[in-house]
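Beneath this line is the structure, given in structure tokens, with notes to follow.
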Amino acid sequence: MAPVSGKRSAASAHEHAPKKPLFERVQDWVAEMDVGGGGGLFRVGMFLMLVLLVILLYTGTQFYGLRDPEAMDIGQLARNVSRGEGYVTRVVRPLEMWWLNQRGKPPVNPATGTQPELFTPPVYPYLVAALIKVVRPDFQAVPGGRTLKADRLLMVFSWWWFLVGMVLLYLLARELFDHRVAVLSVFLYVFCDSILDFAVSGLPMNFLTVMFLLTVYGVVKADKWEAARRSTGWVYGALGTSALMVGIGTLTQYSFAAVLLPLLIYVGVSFPKQWTRRVALCLAVFCLVLAPWVVRNWQVARTVFGLSHYKLYEGTALGTPNAIQAGQLQRTLELDPSALRGRSLIRQGVLNAQEVYRVTVKEVGANYLIAFFLVGLLHRWRSEEVFRLRRFVFWVLLIAAGWLSVTGPATRNELTMIMPLVIMYAAAFFYVMFERLQLRTRLLRAAVIGAFGVLNGAPVVYTLLPPSTTLAYPPYEGGTCAAMAGLFSQDATFASDIPWAMAWYGDRATVWLPRTQAEYTAINDEIRFISAVYITQATLQNLSALELSQNLSGGNPQHWLRFFPIMAPPADFPLKSVEYMTPDRQQFLLSNRRLPTGP
């Protein structure tokens, strides 16, 4: 009985003991978490809070709705799919009208004015469509607002893939290196400005990053399982998964196909035994993934990959009499294919290669990690998997840069897709050089590592600092598009120089405004009646003073400039009423009736 009595006495004494101040109890709890088994859980929790803080700060300061045409296009495609309309688009391109008409197909759906989508691959719009069916966002424009609540859905979806990529990067870095490299890689990933910028854009780049990481993870596991002499099924399964991810990525953005060749080279070199079977497996999986999309395109328009190849010619021969401006071919109703010369692609590829080499590659990640990465590729790593994987990463970078030279550098750096691998190799090489310093003071070691992180995370800080310059206007005014759409019936067709915005915010079929009045008249009279024409500052963008004067004097076929408020519509134009749509009187609507829309 004595022990029980002793326990009761101790418990009684504990109950009557004075309580410690709150700050001491917090310190004791933190010490217990750090020393005890909960230390790891506590650190993970603090890191997740940091990630949440970064997401909230970046979104709060940088997100003002969608501002990329591709993001708006994906949104309207996904909404059409979620309604059960099929993979159709409300961004109506005259080029597609011409193509379908040449093959005996209806240029547009006579009931809705939509077209089958032949430019954007289907994976990401279908994923967003599935999300729309679950979440059911509000597509109604708020009075006075410039965006839709549905804009946030695409943004949140991008953040989700950002988090998935963060987890995959940690697992891959742990697989190839150690915990230190994995942790540093994750911190650099979280504070990578270009990756964060894609997260608020609504674009599929973070999804493509996940596909790339899964591709790499698959080949790494196949390499390890081959070395460990696991069954052939495990190795083939890992390689098949990598090829599957390349196929899905290609059906998200065609440029992702640049990963296929490095994958085949890696498999052929790293698996010398029965390499032909393994390369054939990867090719077969890749082709099987693309097969349904190819069959659909052939049935719809007698083309394999749609009409996206015409985009290659846009932006070529600039500075010559045969120059093709961006978007010009897609806005053309009567196209002469013989006028498209492969020689112009070679010329443009050489010119673009200079910009890709001087700017695009060097600005991967918008920090100094690219320098550590490139030097790290020359390091002789002890692990054979790490040593061989660097060849794969190098070939992906090289072929992707070559692809951008042909297609032309995008407004955003598409090489951000491989940024997690750049981060991982840069962090690993940093630790190689760091250990050679032989710093013995713990504080000094932490200071050097912290300085490296701050140096590469500084662009995020500068981005978050005011003033903000991320407003989508001009030319995108979501509330204006929605207000104009509400003045016309659901089956009305518009024409605009920003059709993706009208299709997303206005939910109306919108013809990409042809460059000539004759083509506009042909569409209006023979294919689809156009109820109104919406013109914005996009018509004036990228025009020099000479080009502007030529347009206004009638010496250039881009006649829409003559409709700006300084001049009235010509007498033979079917739409007579002109209404200003924005308070700055820089956007206006042409219609056949007076509308209560003026400021």
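By order in the structure tokens, chains are A, B, ...; within a chain, residues start at 1; ligands start at 1, following the order shown.
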
Discussion item. Env of Thr480 in chain A: 8 Å cut, atoms = only C-alpha atoms, seq-sep filter 3 positions within chain, self excluded. Answer as a list in words.
Written reply: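 What passes the distance filter is Arg146, Glu477, Ala483, Met484, Met581 and Thr582 of chain A.
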
Per residue of range 92-175 of chain A within 10 Å of range 217-241 of chain A, note the shortest atom pair and the distance in Å to one decimal, counting only C-alpha atoms, and order the rows by chain and increasing residue number, as a tab-separated table.
```
residue	atom	partner	partner_atom	distance
A:Leu168	CA	A:Tyr217	CA	8.3
A:Leu169	CA	A:Tyr217	CA	9.2
A:Leu171	CA	A:Tyr217	CA	8.8
A:Leu172	CA	A:Tyr217	CA	6.4
A:Ala173	CA	A:Tyr217	CA	9.9
A:Glu175	CA	A:Val220	CA	8.4
```

Mind dumping the selected residues with C-alpha atoms as a PDB file, in the first residue's frame?
```pdb
ATOM      1  CA  LEU A 168       7.928  14.764 -55.498  1.00  0.00           C
ATOM      2  CA  LEU A 169      11.069  16.908 -55.492  1.00  0.00           C
ATOM      3  CA  LEU A 171      11.255  12.286 -52.529  1.00  0.00           C
ATOM      4  CA  LEU A 172      13.487  12.373 -55.609  1.00  0.00           C
ATOM      5  CA  ALA A 173      16.244  14.305 -53.841  1.00  0.00           C
ATOM      6  CA  GLU A 175      16.319   8.972 -53.401  1.00  0.00           C
TER       7      GLU A 175
END
```

Item to complete: Just the residues within 8 Å of Val156 in chain A, please, counting only C-alpha atoms, with nothing from its chain fewer than 4 positions along; format it as a ChimeraX atom specification.
Response: /A:152,160,199-200

Would you mind exporting N, CA and C atoms of the selected residues as a PDB file, in the first residue's frame?
```pdb
ATOM      1  N   ARG A 152     -10.385  32.035 -59.839  1.00  0.00           N
ATOM      2  CA  ARG A 152      -9.658  31.501 -58.687  1.00  0.00           C
ATOM      3  C   ARG A 152      -9.558  29.982 -58.744  1.00  0.00           C
ATOM      4  N   TRP A 160      -2.330  23.509 -56.366  1.00  0.00           N
ATOM      5  CA  TRP A 160      -2.341  22.095 -55.985  1.00  0.00           C
ATOM      6  C   TRP A 160      -1.175  21.357 -56.656  1.00  0.00           C
ATOM      7  N   ALA A 199       2.090  29.470 -60.797  1.00  0.00           N
ATOM      8  CA  ALA A 199       1.029  28.977 -59.915  1.00  0.00           C
ATOM      9  C   ALA A 199      -0.171  29.909 -59.884  1.00  0.00           C
ATOM     10  N   VAL A 200       0.031  31.203 -60.056  1.00  0.00           N
ATOM     11  CA  VAL A 200      -1.095  32.146 -60.036  1.00  0.00           C
ATOM     12  C   VAL A 200      -1.599  32.475 -61.431  1.00  0.00           C
TER      13      VAL A 200
END
```

Item to complete: May I have the residues within 9 Å of Leu57 in chain A as number ranges by chain, using only C-alpha atoms and disregarding those fewer than 5 positions away in the same chain?
Response: A: 52, 62, 464

Item to complete: Check the smallest atom-to-atom distance from each of A:Phe394, A:Phe271, A:Phe47, A:Tyr124 to Ile418 in chain A using only C-alpha atoms, then report the winner.
Response: A:Phe394

Discussion item. Can you measure CA of Ile248 in chain A to CA of Arg331 in chain A for me? One decimal in Å is fine.
Written reply: 29.2 Å

Determine, for each residue of range 350-422 of chain A having at least one atom at most 8 Å from an atom of range 300-318 of chain A, the closest pair of atoms and their separation in Å to one decimal, counting only C-alpha atoms; order by chain and ascending number, as a Markdown table.
```
| residue | atom | partner | partner_atom | distance |
| --- | --- | --- | --- | --- |
| A:Val406 | CA | A:Leu312 | CA | 7.2 |
| A:Thr407 | CA | A:Leu312 | CA | 5.3 |
| A:Gly408 | CA | A:Gly315 | CA | 7.8 |
```

Worksheet item: Any idea what's packed within 10 Å of Thr360 in chain A, counting only C-alpha atoms, ignoring anything in its chain fewer than 5 positions away? Could you give it as a PyMOL selection string?
Response: chain A and resi 353-355+365-366+401+404+409-410+412-416

Discussion item. For the alpha helix (DSSP H) assignment from backbone DSSP, which residues of range 100-152 of chain A qualify? Please present them as a list in words.
Written reply: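 Residues meeting the alpha helix (DSSP H) criterion: Leu100, Asn101, Gln102, Val123, Tyr124, Pro125, Tyr126, Leu127, Val128, Ala129, Ala130, Leu131, Ile132, Lys133, Val134, Val135, Lys149, Ala150, Asp151 and Arg152 of chain A.
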
Written selection (C-alpha atoms) as an mmCIF file, in the first residue's frame:
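Final output, saved to part.cif:
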```cif
data_model
loop_
_atom_site.group_PDB
_atom_site.id
_atom_site.type_symbol
_atom_site.label_atom_id
_atom_site.label_comp_id
_atom_site.auth_asym_id
_atom_site.auth_seq_id
_atom_site.Cartn_x
_atom_site.Cartn_y
_atom_site.Cartn_z
ATOM 1 C CA LEU A 100 -13.012 22.445 -92.170
ATOM 2 C CA ASN A 101 -14.698 23.917 -95.243
ATOM 3 C CA GLN A 102 -11.974 22.495 -97.495
ATOM 4 C CA VAL A 123 -5.569 16.722 -70.898
ATOM 5 C CA TYR A 124 -5.518 19.887 -68.807
ATOM 6 C CA PRO A 125 -8.918 21.221 -69.973
ATOM 7 C CA TYR A 126 -10.472 17.842 -69.114
ATOM 8 C CA LEU A 127 -8.869 17.900 -65.655
ATOM 9 C CA VAL A 128 -10.222 21.404 -65.051
ATOM 10 C CA ALA A 129 -13.624 20.279 -66.372
ATOM 11 C CA ALA A 130 -13.704 17.477 -63.792
ATOM 12 C CA LEU A 131 -12.898 20.031 -61.097
ATOM 13 C CA ILE A 132 -15.666 22.337 -62.340
ATOM 14 C CA LYS A 133 -18.193 19.507 -62.059
ATOM 15 C CA VAL A 134 -17.180 18.910 -58.442
ATOM 16 C CA VAL A 135 -16.758 22.495 -57.221
ATOM 17 C CA LYS A 149 -14.807 33.896 -59.178
ATOM 18 C CA ALA A 150 -14.087 30.975 -61.477
ATOM 19 C CA ASP A 151 -10.671 32.564 -62.172
ATOM 20 C CA ARG A 152 -9.658 31.501 -58.687
#
```
